[in-house]
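Peer 1: Got a structure for you, questions after.
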Amino acid sequence: MTALIIALVAGLAGATVILAIGYRRFASGKGRAASGADELARAQLELRWARQLSALTETLDLDDLLIRVLQGAALLADADAAAVALWAENEPPLVKSMNLTGDEALSLLGSWPPESRSRSLSIRYRFPGENVAPNALQTGMLLPLSAEPSSPTGTLAVFWRRAVEEAKEDDLSALEELALTAGRAIEKSRQLRELHELAVRDPLTGLHNRRYFHETLAHEVKRAHRYDRRLALIFLDLDDFKSINEEIGHLGGDSVLAEVAQRLRSVVRGADIPCRVGGDEFAVILPESSLEDTERFFQRLQLAIQGQPIGRIPNLRVSAGMAELARDDDATSLFRRVDQALYRAKRAGKGRVVAADDPEESSEAS
């Protein structure tokens, strides 16, 4: 399904480029006749322009797309630097720049006013006594970046570190078409990213789902083996959750699961990957972690869950199985080992964690 969406999006974007190129050639043909040298220069410009627009349709990865936008804008304008900023409500701007620092670019861009009817904004820097600092920005041009001309969602800018004349109409039109095509491609990339998030997120808890867990575990296991890094896995289960559902109902049980997920998120590290793998079962992939690290994580989670009642459940307990990646493990065997360790923790009295490599008799100790 995802492949079909990508193919449809790429096809539509490609058609947009072809139509834009045809229109631009038709418009340029209406002018006065030019000399052979002028025609050659124009053909080269058209080819360069077409390549830059086409490059925007070849990827739906947002980071890669923004890099292509910057490269295309700088090439079309013969600029020394370029930057783009995407704006969203209640979120910090996403800034990408070329030959500028991120902070420097953000201070220059600003949010394009939605009510503005301007096609572009030119900036010309003036220096005291005309003493221009080496490599200083001297001229800039800002354009609205949007999927539709009337709804800007970002800003595209090009800058020159040398004296240049004001952009000609053809140059401005090329940059405008690039910005419009880029805006549409960026919107499609965002939509695809949102679809992917919906596919890999559990709607109740907001954690990654079972599919994402198994795909990521396989990737992390391969990475750990390749680079000889440590990796641990913990598999968690809420004790007596069936009884909780019977006592407070399934809606109440859903609230308990959502609150447990929230407390789980509060104790994981930035590199850890918490997932809901089914029902009342959760798993956390812990890169660069040992069994000792994993046991400390379980203790933090116990404190977070038992430190304050969850709804009408005064004393919710969690059992877990844990294991560190062994040399002969793959993702399947690692998960099987923590699953068996979880079963032993349940059998030993619940509310505890058991390591997969612990002797059977040691599971009686918490």
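Here, A, B, ... name the chains of the structure tokens in the order displayed, residue numbers run from 1 inside each chain, and ligands are numbered from 1 in the same displayed order.
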Which residues are near A:Asp254? Cut-off 10 Å, only C-alpha atoms, ignore same chain within fewer than 5 positions. Put them as JSON, numbers by chain.
Peer 2: {"A": [204, 205, 245, 248, 249, 259, 260, 279, 280]}
Peer 1: Go ahead and write the residues just picked, all heavy atoms, as a PDB file, in the first residue's frame.
Peer 2:
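As a result, out35.pdb now contains:
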```
ATOM      1  N   LEU A 204      -4.145   3.916  21.009  1.00  0.00           N
ATOM      2  CA  LEU A 204      -4.552   4.092  22.401  1.00  0.00           C
ATOM      3  C   LEU A 204      -3.458   4.729  23.237  1.00  0.00           C
ATOM      4  O   LEU A 204      -3.699   5.680  23.991  1.00  0.00           O
ATOM      5  CB  LEU A 204      -4.960   2.746  23.010  1.00  0.00           C
ATOM      6  CG  LEU A 204      -5.311   2.769  24.506  1.00  0.00           C
ATOM      7  CD1 LEU A 204      -6.523   3.657  24.756  1.00  0.00           C
ATOM      8  CD2 LEU A 204      -5.558   1.357  25.021  1.00  0.00           C
ATOM      9  N   THR A 205      -2.240   4.230  23.123  1.00  0.00           N
ATOM     10  CA  THR A 205      -1.156   4.667  24.007  1.00  0.00           C
ATOM     11  C   THR A 205      -0.212   5.677  23.361  1.00  0.00           C
ATOM     12  O   THR A 205       0.540   6.345  24.063  1.00  0.00           O
ATOM     13  CB  THR A 205      -0.323   3.455  24.458  1.00  0.00           C
ATOM     14  OG1 THR A 205       0.291   2.856  23.293  1.00  0.00           O
ATOM     15  CG2 THR A 205      -1.202   2.417  25.146  1.00  0.00           C
ATOM     16  N   ASN A 245      -9.965  -5.410  34.160  1.00  0.00           N
ATOM     17  CA  ASN A 245     -11.000  -5.161  33.157  1.00  0.00           C
ATOM     18  C   ASN A 245     -12.379  -5.558  33.677  1.00  0.00           C
ATOM     19  O   ASN A 245     -13.377  -4.864  33.434  1.00  0.00           O
ATOM     20  CB  ASN A 245     -10.695  -5.933  31.869  1.00  0.00           C
ATOM     21  CG  ASN A 245      -9.900  -5.105  30.872  1.00  0.00           C
ATOM     22  OD1 ASN A 245      -9.935  -3.877  30.901  1.00  0.00           O
ATOM     23  ND2 ASN A 245      -9.168  -5.781  30.000  1.00  0.00           N
ATOM     24  N   ILE A 248     -13.380  -2.739  36.441  1.00  0.00           N
ATOM     25  CA  ILE A 248     -13.658  -1.349  36.050  1.00  0.00           C
ATOM     26  C   ILE A 248     -14.135  -1.215  34.600  1.00  0.00           C
ATOM     27  O   ILE A 248     -14.385  -0.098  34.136  1.00  0.00           O
ATOM     28  CB  ILE A 248     -12.427  -0.444  36.266  1.00  0.00           C
ATOM     29  CG1 ILE A 248     -11.267  -0.880  35.358  1.00  0.00           C
ATOM     30  CG2 ILE A 248     -12.001  -0.480  37.722  1.00  0.00           C
ATOM     31  CD1 ILE A 248     -10.046   0.034  35.481  1.00  0.00           C
ATOM     32  N   GLY A 249     -14.266  -2.323  33.905  1.00  0.00           N
ATOM     33  CA  GLY A 249     -14.751  -2.279  32.536  1.00  0.00           C
ATOM     34  C   GLY A 249     -13.621  -2.034  31.546  1.00  0.00           C
ATOM     35  O   GLY A 249     -12.527  -1.605  31.911  1.00  0.00           O
ATOM     36  N   GLU A 259      -2.339   5.302  30.799  1.00  0.00           N
ATOM     37  CA  GLU A 259      -1.569   5.916  31.880  1.00  0.00           C
ATOM     38  C   GLU A 259      -0.259   5.161  32.110  1.00  0.00           C
ATOM     39  O   GLU A 259       0.797   5.777  32.368  1.00  0.00           O
ATOM     40  CB  GLU A 259      -2.389   5.936  33.160  1.00  0.00           C
ATOM     41  CG  GLU A 259      -1.681   6.554  34.360  1.00  0.00           C
ATOM     42  CD  GLU A 259      -1.278   8.005  34.160  1.00  0.00           C
ATOM     43  OE1 GLU A 259      -1.944   8.701  33.358  1.00  0.00           O
ATOM     44  OE2 GLU A 259      -0.299   8.444  34.798  1.00  0.00           O
ATOM     45  N   VAL A 260      -0.283   3.845  31.994  1.00  0.00           N
ATOM     46  CA  VAL A 260       0.954   3.067  32.122  1.00  0.00           C
ATOM     47  C   VAL A 260       1.932   3.466  31.017  1.00  0.00           C
ATOM     48  O   VAL A 260       3.137   3.636  31.258  1.00  0.00           O
ATOM     49  CB  VAL A 260       0.654   1.557  32.061  1.00  0.00           C
ATOM     50  CG1 VAL A 260       1.949   0.759  31.875  1.00  0.00           C
ATOM     51  CG2 VAL A 260      -0.061   1.106  33.323  1.00  0.00           C
ATOM     52  N   GLY A 279      -2.342  -6.232  23.721  1.00  0.00           N
ATOM     53  CA  GLY A 279      -3.100  -6.199  24.962  1.00  0.00           C
ATOM     54  C   GLY A 279      -2.488  -5.353  26.051  1.00  0.00           C
ATOM     55  O   GLY A 279      -2.360  -4.134  25.937  1.00  0.00           O
ATOM     56  N   ASP A 280      -2.072  -6.034  27.125  1.00  0.00           N
ATOM     57  CA  ASP A 280      -1.425  -5.346  28.249  1.00  0.00           C
ATOM     58  C   ASP A 280       0.072  -5.628  28.256  1.00  0.00           C
ATOM     59  O   ASP A 280       0.711  -5.568  29.308  1.00  0.00           O
ATOM     60  CB  ASP A 280      -2.054  -5.790  29.575  1.00  0.00           C
ATOM     61  CG  ASP A 280      -1.910  -7.285  29.823  1.00  0.00           C
ATOM     62  OD1 ASP A 280      -1.882  -8.044  28.829  1.00  0.00           O
ATOM     63  OD2 ASP A 280      -1.837  -7.705  30.989  1.00  0.00           O
TER      64      ASP A 280
END
```
Peer 1: Just list as a PDB file with all heavy atoms, in the first residue's frame whatever in stretch 64-138 of chain A DSSP marks as helix (DSSP H, G or I).
Peer 2:
```
ATOM      1  N   ASP A  64      16.018  14.817   2.621  1.00  0.00           N
ATOM      2  CA  ASP A  64      16.627  14.766   1.299  1.00  0.00           C
ATOM      3  C   ASP A  64      15.982  15.788   0.366  1.00  0.00           C
ATOM      4  O   ASP A  64      16.658  16.465  -0.420  1.00  0.00           O
ATOM      5  CB  ASP A  64      16.490  13.355   0.728  1.00  0.00           C
ATOM      6  CG  ASP A  64      17.239  13.191  -0.588  1.00  0.00           C
ATOM      7  OD1 ASP A  64      18.248  13.879  -0.789  1.00  0.00           O
ATOM      8  OD2 ASP A  64      16.811  12.363  -1.417  1.00  0.00           O
ATOM      9  N   LEU A  65      14.667  15.924   0.471  1.00  0.00           N
ATOM     10  CA  LEU A  65      13.948  16.875  -0.370  1.00  0.00           C
ATOM     11  C   LEU A  65      14.396  18.305  -0.102  1.00  0.00           C
ATOM     12  O   LEU A  65      14.635  19.089  -1.033  1.00  0.00           O
ATOM     13  CB  LEU A  65      12.440  16.737  -0.120  1.00  0.00           C
ATOM     14  CG  LEU A  65      11.517  17.685  -0.879  1.00  0.00           C
ATOM     15  CD1 LEU A  65      11.708  17.563  -2.375  1.00  0.00           C
ATOM     16  CD2 LEU A  65      10.065  17.419  -0.496  1.00  0.00           C
ATOM     17  N   LEU A  66      14.556  18.671   1.156  1.00  0.00           N
ATOM     18  CA  LEU A  66      14.972  20.037   1.489  1.00  0.00           C
ATOM     19  C   LEU A  66      16.388  20.318   0.992  1.00  0.00           C
ATOM     20  O   LEU A  66      16.690  21.427   0.546  1.00  0.00           O
ATOM     21  CB  LEU A  66      14.875  20.256   3.001  1.00  0.00           C
ATOM     22  CG  LEU A  66      13.460  20.240   3.588  1.00  0.00           C
ATOM     23  CD1 LEU A  66      13.499  20.485   5.085  1.00  0.00           C
ATOM     24  CD2 LEU A  66      12.565  21.267   2.911  1.00  0.00           C
ATOM     25  N   ILE A  67      17.253  19.307   1.063  1.00  0.00           N
ATOM     26  CA  ILE A  67      18.610  19.477   0.523  1.00  0.00           C
ATOM     27  C   ILE A  67      18.553  19.757  -0.978  1.00  0.00           C
ATOM     28  O   ILE A  67      19.243  20.637  -1.496  1.00  0.00           O
ATOM     29  CB  ILE A  67      19.464  18.230   0.820  1.00  0.00           C
ATOM     30  CG1 ILE A  67      19.749  18.127   2.324  1.00  0.00           C
ATOM     31  CG2 ILE A  67      20.775  18.271   0.035  1.00  0.00           C
ATOM     32  CD1 ILE A  67      20.423  16.837   2.739  1.00  0.00           C
ATOM     33  N   ARG A  68      17.693  19.036  -1.676  1.00  0.00           N
ATOM     34  CA  ARG A  68      17.554  19.248  -3.124  1.00  0.00           C
ATOM     35  C   ARG A  68      16.971  20.629  -3.431  1.00  0.00           C
ATOM     36  O   ARG A  68      17.348  21.259  -4.427  1.00  0.00           O
ATOM     37  CB  ARG A  68      16.685  18.148  -3.730  1.00  0.00           C
ATOM     38  CG  ARG A  68      17.313  16.768  -3.635  1.00  0.00           C
ATOM     39  CD  ARG A  68      16.441  15.711  -4.299  1.00  0.00           C
ATOM     40  NE  ARG A  68      17.006  14.378  -4.081  1.00  0.00           N
ATOM     41  CZ  ARG A  68      16.877  13.371  -4.919  1.00  0.00           C
ATOM     42  NH1 ARG A  68      16.207  13.535  -6.051  1.00  0.00           N
ATOM     43  NH2 ARG A  68      17.402  12.202  -4.653  1.00  0.00           N
ATOM     44  N   VAL A  69      16.046  21.077  -2.606  1.00  0.00           N
ATOM     45  CA  VAL A  69      15.486  22.420  -2.792  1.00  0.00           C
ATOM     46  C   VAL A  69      16.588  23.472  -2.664  1.00  0.00           C
ATOM     47  O   VAL A  69      16.689  24.398  -3.482  1.00  0.00           O
ATOM     48  CB  VAL A  69      14.364  22.692  -1.766  1.00  0.00           C
ATOM     49  CG1 VAL A  69      13.946  24.162  -1.789  1.00  0.00           C
ATOM     50  CG2 VAL A  69      13.160  21.805  -2.051  1.00  0.00           C
ATOM     51  N   LEU A  70      17.421  23.341  -1.651  1.00  0.00           N
ATOM     52  CA  LEU A  70      18.510  24.297  -1.438  1.00  0.00           C
ATOM     53  C   LEU A  70      19.500  24.262  -2.603  1.00  0.00           C
ATOM     54  O   LEU A  70      19.917  25.316  -3.095  1.00  0.00           O
ATOM     55  CB  LEU A  70      19.231  23.979  -0.130  1.00  0.00           C
ATOM     56  CG  LEU A  70      18.417  24.139   1.159  1.00  0.00           C
ATOM     57  CD1 LEU A  70      19.242  23.698   2.361  1.00  0.00           C
ATOM     58  CD2 LEU A  70      17.943  25.566   1.339  1.00  0.00           C
ATOM     59  N   GLN A  71      19.871  23.072  -3.026  1.00  0.00           N
ATOM     60  CA  GLN A  71      20.821  22.956  -4.128  1.00  0.00           C
ATOM     61  C   GLN A  71      20.234  23.544  -5.409  1.00  0.00           C
ATOM     62  O   GLN A  71      20.918  24.253  -6.156  1.00  0.00           O
ATOM     63  CB  GLN A  71      21.192  21.490  -4.346  1.00  0.00           C
ATOM     64  CG  GLN A  71      22.013  20.898  -3.211  1.00  0.00           C
ATOM     65  CD  GLN A  71      22.216  19.402  -3.347  1.00  0.00           C
ATOM     66  OE1 GLN A  71      21.457  18.719  -4.060  1.00  0.00           O
ATOM     67  NE2 GLN A  71      23.223  18.867  -2.681  1.00  0.00           N
ATOM     68  N   GLY A  72      18.964  23.266  -5.658  1.00  0.00           N
ATOM     69  CA  GLY A  72      18.324  23.789  -6.857  1.00  0.00           C
ATOM     70  C   GLY A  72      18.206  25.295  -6.844  1.00  0.00           C
ATOM     71  O   GLY A  72      18.490  25.967  -7.845  1.00  0.00           O
ATOM     72  N   ALA A  73      17.808  25.866  -5.708  1.00  0.00           N
ATOM     73  CA  ALA A  73      17.664  27.321  -5.616  1.00  0.00           C
ATOM     74  C   ALA A  73      19.007  28.010  -5.788  1.00  0.00           C
ATOM     75  O   ALA A  73      19.118  29.025  -6.504  1.00  0.00           O
ATOM     76  CB  ALA A  73      17.035  27.690  -4.273  1.00  0.00           C
ATOM     77  N   ALA A  74      20.043  27.480  -5.142  1.00  0.00           N
ATOM     78  CA  ALA A  74      21.372  28.098  -5.255  1.00  0.00           C
ATOM     79  C   ALA A  74      21.899  28.022  -6.683  1.00  0.00           C
ATOM     80  O   ALA A  74      22.508  28.973  -7.190  1.00  0.00           O
ATOM     81  CB  ALA A  74      22.338  27.422  -4.284  1.00  0.00           C
ATOM     82  N   LEU A  75      21.653  26.903  -7.358  1.00  0.00           N
ATOM     83  CA  LEU A  75      22.135  26.743  -8.729  1.00  0.00           C
ATOM     84  C   LEU A  75      21.388  27.667  -9.688  1.00  0.00           C
ATOM     85  O   LEU A  75      21.992  28.335 -10.525  1.00  0.00           O
ATOM     86  CB  LEU A  75      21.975  25.288  -9.152  1.00  0.00           C
ATOM     87  CG  LEU A  75      22.516  24.921 -10.541  1.00  0.00           C
ATOM     88  CD1 LEU A  75      24.016  25.190 -10.615  1.00  0.00           C
ATOM     89  CD2 LEU A  75      22.226  23.467 -10.862  1.00  0.00           C
ATOM     90  N   LEU A  76      20.054  27.711  -9.561  1.00  0.00           N
ATOM     91  CA  LEU A  76      19.266  28.554 -10.454  1.00  0.00           C
ATOM     92  C   LEU A  76      19.614  30.031 -10.303  1.00  0.00           C
ATOM     93  O   LEU A  76      19.647  30.772 -11.280  1.00  0.00           O
ATOM     94  CB  LEU A  76      17.771  28.348 -10.189  1.00  0.00           C
ATOM     95  CG  LEU A  76      17.152  27.056 -10.705  1.00  0.00           C
ATOM     96  CD1 LEU A  76      15.715  26.939 -10.237  1.00  0.00           C
ATOM     97  CD2 LEU A  76      17.229  26.985 -12.221  1.00  0.00           C
ATOM     98  N   ALA A  77      19.868  30.469  -9.075  1.00  0.00           N
ATOM     99  CA  ALA A  77      20.127  31.880  -8.814  1.00  0.00           C
ATOM    100  C   ALA A  77      21.612  32.223  -8.812  1.00  0.00           C
ATOM    101  O   ALA A  77      21.967  33.386  -8.609  1.00  0.00           O
ATOM    102  CB  ALA A  77      19.515  32.272  -7.466  1.00  0.00           C
ATOM    103  N   GLY A 102      22.504  27.100  11.049  1.00  0.00           N
ATOM    104  CA  GLY A 102      21.074  27.061  11.289  1.00  0.00           C
ATOM    105  C   GLY A 102      20.568  28.298  11.998  1.00  0.00           C
ATOM    106  O   GLY A 102      19.534  28.861  11.640  1.00  0.00           O
ATOM    107  N   ASP A 103      21.295  28.746  13.030  1.00  0.00           N
ATOM    108  CA  ASP A 103      20.876  29.950  13.766  1.00  0.00           C
ATOM    109  C   ASP A 103      20.926  31.181  12.881  1.00  0.00           C
ATOM    110  O   ASP A 103      20.052  32.054  12.941  1.00  0.00           O
ATOM    111  CB  ASP A 103      21.765  30.154  15.003  1.00  0.00           C
ATOM    112  CG  ASP A 103      21.540  29.088  16.056  1.00  0.00           C
ATOM    113  OD1 ASP A 103      20.468  28.435  16.018  1.00  0.00           O
ATOM    114  OD2 ASP A 103      22.427  28.891  16.902  1.00  0.00           O
ATOM    115  N   GLU A 104      21.981  31.283  12.065  1.00  0.00           N
ATOM    116  CA  GLU A 104      22.110  32.424  11.167  1.00  0.00           C
ATOM    117  C   GLU A 104      20.958  32.438  10.162  1.00  0.00           C
ATOM    118  O   GLU A 104      20.351  33.481   9.896  1.00  0.00           O
ATOM    119  CB  GLU A 104      23.446  32.348  10.428  1.00  0.00           C
ATOM    120  CG  GLU A 104      23.750  33.557   9.543  1.00  0.00           C
ATOM    121  CD  GLU A 104      25.084  33.417   8.833  1.00  0.00           C
ATOM    122  OE1 GLU A 104      25.610  32.296   8.767  1.00  0.00           O
ATOM    123  OE2 GLU A 104      25.595  34.435   8.345  1.00  0.00           O
ATOM    124  N   ALA A 105      20.609  31.261   9.643  1.00  0.00           N
ATOM    125  CA  ALA A 105      19.532  31.180   8.665  1.00  0.00           C
ATOM    126  C   ALA A 105      18.193  31.551   9.284  1.00  0.00           C
ATOM    127  O   ALA A 105      17.410  32.310   8.701  1.00  0.00           O
ATOM    128  CB  ALA A 105      19.464  29.761   8.086  1.00  0.00           C
ATOM    129  N   LEU A 106      17.922  31.044  10.495  1.00  0.00           N
ATOM    130  CA  LEU A 106      16.640  31.310  11.129  1.00  0.00           C
ATOM    131  C   LEU A 106      16.438  32.792  11.395  1.00  0.00           C
ATOM    132  O   LEU A 106      15.350  33.342  11.214  1.00  0.00           O
ATOM    133  CB  LEU A 106      16.522  30.520  12.436  1.00  0.00           C
ATOM    134  CG  LEU A 106      15.192  30.648  13.184  1.00  0.00           C
ATOM    135  CD1 LEU A 106      14.037  30.203  12.294  1.00  0.00           C
ATOM    136  CD2 LEU A 106      15.226  29.825  14.464  1.00  0.00           C
ATOM    137  N   SER A 107      17.505  33.469  11.815  1.00  0.00           N
ATOM    138  CA  SER A 107      17.392  34.901  12.095  1.00  0.00           C
ATOM    139  C   SER A 107      17.128  35.710  10.830  1.00  0.00           C
ATOM    140  O   SER A 107      16.573  36.804  10.897  1.00  0.00           O
ATOM    141  CB  SER A 107      18.675  35.396  12.775  1.00  0.00           C
ATOM    142  OG  SER A 107      19.780  35.311  11.880  1.00  0.00           O
ATOM    143  N   LEU A 108      17.482  35.180   9.667  1.00  0.00           N
ATOM    144  CA  LEU A 108      17.298  35.895   8.409  1.00  0.00           C
ATOM    145  C   LEU A 108      15.954  35.615   7.762  1.00  0.00           C
ATOM    146  O   LEU A 108      15.447  36.436   6.993  1.00  0.00           O
ATOM    147  CB  LEU A 108      18.415  35.515   7.419  1.00  0.00           C
ATOM    148  CG  LEU A 108      19.838  35.902   7.815  1.00  0.00           C
ATOM    149  CD1 LEU A 108      20.831  35.259   6.856  1.00  0.00           C
ATOM    150  CD2 LEU A 108      20.009  37.414   7.792  1.00  0.00           C
ATOM    151  N   LEU A 109      15.365  34.460   8.069  1.00  0.00           N
ATOM    152  CA  LEU A 109      14.188  34.031   7.330  1.00  0.00           C
ATOM    153  C   LEU A 109      12.890  34.654   7.832  1.00  0.00           C
ATOM    154  O   LEU A 109      12.207  35.370   7.121  1.00  0.00           O
ATOM    155  CB  LEU A 109      14.093  32.508   7.356  1.00  0.00           C
ATOM    156  CG  LEU A 109      15.164  31.783   6.538  1.00  0.00           C
ATOM    157  CD1 LEU A 109      15.084  30.284   6.772  1.00  0.00           C
ATOM    158  CD2 LEU A 109      15.006  32.080   5.061  1.00  0.00           C
ATOM    159  N   PRO A 128      29.153  50.088   7.076  1.00  0.00           N
ATOM    160  CA  PRO A 128      29.737  51.414   7.351  1.00  0.00           C
ATOM    161  C   PRO A 128      30.954  51.680   6.475  1.00  0.00           C
ATOM    162  O   PRO A 128      31.875  50.850   6.394  1.00  0.00           O
ATOM    163  CB  PRO A 128      30.128  51.318   8.837  1.00  0.00           C
ATOM    164  CG  PRO A 128      29.284  50.216   9.393  1.00  0.00           C
ATOM    165  CD  PRO A 128      29.090  49.246   8.266  1.00  0.00           C
ATOM    166  N   GLY A 129      30.941  52.812   5.803  1.00  0.00           N
ATOM    167  CA  GLY A 129      32.096  53.188   4.995  1.00  0.00           C
ATOM    168  C   GLY A 129      32.329  52.284   3.809  1.00  0.00           C
ATOM    169  O   GLY A 129      33.408  52.285   3.226  1.00  0.00           O
ATOM    170  N   GLU A 130      31.308  51.497   3.459  1.00  0.00           N
ATOM    171  CA  GLU A 130      31.414  50.571   2.326  1.00  0.00           C
ATOM    172  C   GLU A 130      32.527  49.540   2.507  1.00  0.00           C
ATOM    173  O   GLU A 130      33.032  48.972   1.534  1.00  0.00           O
ATOM    174  CB  GLU A 130      31.638  51.348   1.006  1.00  0.00           C
ATOM    175  CG  GLU A 130      30.513  52.302   0.658  1.00  0.00           C
ATOM    176  CD  GLU A 130      29.180  51.600   0.476  1.00  0.00           C
ATOM    177  OE1 GLU A 130      29.171  50.476  -0.049  1.00  0.00           O
ATOM    178  OE2 GLU A 130      28.154  52.163   0.875  1.00  0.00           O
TER     179      GLU A 130
END
```
Peer 1: Find the nearest atom pair between each residue of stretch 275-298 of chain A and stretch 309-320 of chain A for residues within 12 Å, count only C-alpha atoms, give distances in Å to one decimal, sort rows by chain and ascending number, and present the table as a tab-separated table.
Peer 2:
```
residue	atom	partner	partner_atom	distance
A:Asp280	CA	A:Val318	CA	10.0
A:Glu281	CA	A:Ala320	CA	9.6
A:Phe282	CA	A:Ala320	CA	9.3
A:Ala283	CA	A:Ala320	CA	9.1
A:Val284	CA	A:Ala320	CA	10.6
A:Thr294	CA	A:Ala320	CA	10.6
A:Glu295	CA	A:Ala320	CA	9.8
A:Phe297	CA	A:Ala320	CA	11.2
A:Phe298	CA	A:Ala320	CA	8.1
```
Peer 1: Restrict the selected residues to C-alpha atoms and save them as a compact mmCIF listing (two decimals), in the first residue's frame.
Peer 2:
```
# COMPACT_ATOMS: atom_id res chain seq x y z
CA ASP A 280 -1.43 -5.35 28.25
CA GLU A 281 2.06 -6.26 26.99
CA PHE A 282 4.82 -3.70 26.49
CA ALA A 283 8.42 -4.04 25.37
CA VAL A 284 11.37 -1.68 25.49
CA THR A 294 17.85 -2.99 32.32
CA GLU A 295 17.18 -4.00 35.93
CA PHE A 297 15.20 0.66 34.33
CA PHE A 298 12.64 -1.83 35.69
```
Peer 1: I'd like the interatomic distance between atom CA of A:Glu215 and atom CA of A:Leu94, to a tenth of an Å.
Peer 2: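 A separation of 27.7 Å between them.
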Peer 1: With only C-alpha atoms as the counted atoms, please give the residues lying no more than 10 Å from A:Ile273, apart from itself and same-chain residues fewer than 4 positions off, as JSON, numbers by chain.
Peer 2: {"A": [207, 208, 212, 213, 216, 217, 233, 265, 268, 269, 283, 284, 285, 286, 287]}
Peer 1: Using DSSP on the backbone, list every residue of stretch 195-269 of chain A that comes out as strand (DSSP E or B), and give them as a list in words.
Peer 2: Arg201, His208, Leu231, Ala232, Leu233, Ile234, Phe235, Leu236, Asp237 and Leu238 of chain A
Peer 1: Using the selection just defined, write its residues with N, CA and C atoms as an mmCIF file, in the first residue's frame.
Peer 2:
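Produced file part33.cif, reproduced below:
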```cif
data_model
loop_
_atom_site.group_PDB
_atom_site.id
_atom_site.type_symbol
_atom_site.label_atom_id
_atom_site.label_comp_id
_atom_site.auth_asym_id
_atom_site.auth_seq_id
_atom_site.Cartn_x
_atom_site.Cartn_y
_atom_site.Cartn_z
ATOM 1 N N ARG A 201 2.033 3.464 14.851
ATOM 2 C CA ARG A 201 1.695 3.918 16.199
ATOM 3 C C ARG A 201 0.457 3.212 16.720
ATOM 4 N N HIS A 208 4.873 3.095 19.827
ATOM 5 C CA HIS A 208 4.991 2.328 18.601
ATOM 6 C C HIS A 208 4.330 0.963 18.789
ATOM 7 N N LEU A 231 23.157 -4.586 23.650
ATOM 8 C CA LEU A 231 21.731 -4.366 23.406
ATOM 9 C C LEU A 231 20.946 -5.219 24.391
ATOM 10 N N ALA A 232 19.953 -4.622 24.998
ATOM 11 C CA ALA A 232 19.107 -5.364 25.933
ATOM 12 C C ALA A 232 17.643 -5.190 25.544
ATOM 13 N N LEU A 233 16.832 -6.138 26.017
ATOM 14 C CA LEU A 233 15.395 -6.116 25.732
ATOM 15 C C LEU A 233 14.648 -6.492 26.994
ATOM 16 N N ILE A 234 13.562 -5.770 27.269
ATOM 17 C CA ILE A 234 12.700 -6.103 28.405
ATOM 18 C C ILE A 234 11.264 -6.195 27.912
ATOM 19 N N PHE A 235 10.578 -7.241 28.376
ATOM 20 C CA PHE A 235 9.199 -7.528 27.959
ATOM 21 C C PHE A 235 8.332 -7.462 29.211
ATOM 22 N N LEU A 236 7.320 -6.585 29.192
ATOM 23 C CA LEU A 236 6.529 -6.271 30.379
ATOM 24 C C LEU A 236 5.079 -6.702 30.210
ATOM 25 N N ASP A 237 4.469 -7.039 31.343
ATOM 26 C CA ASP A 237 3.063 -7.436 31.337
ATOM 27 C C ASP A 237 2.423 -6.939 32.627
ATOM 28 N N LEU A 238 1.217 -6.352 32.523
ATOM 29 C CA LEU A 238 0.513 -5.898 33.715
ATOM 30 C C LEU A 238 -0.076 -7.105 34.436
#
```
Peer 1: Just the number, please: distance in Å from atom CA of A:Gln262 to atom CA of A:Arg276, one decimal.
Peer 2: 11.7 Å
Peer 1: Please provide the set of residues having any atom within 12 Å of A:Arg190, restricted to only C-alpha atoms, with same-chain residues fewer than 2 positions apart removed, written as a list of chain:residue names.
Peer 2: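 Contacts, in chain order: A:Val9, A:Leu60, A:Asp61, A:Leu62, A:Asp63, A:Leu65, A:Leu66, A:Leu86, A:Ala88, A:Ala147, A:Gly183, A:Arg184, A:Ala185, A:Ile186, A:Glu187, A:Lys188, A:Leu192, A:Arg193, A:Glu194, A:Leu195, A:His196, A:Glu197.
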Peer 1: Find, counting only C-alpha atoms, the residue in A:Leu121, A:Leu145, A:Ala271, A:Val353 that gets nearest to A:Glu220.
Peer 2: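 Answer, going by the shortest atom-to-atom distance: A:Ala271.
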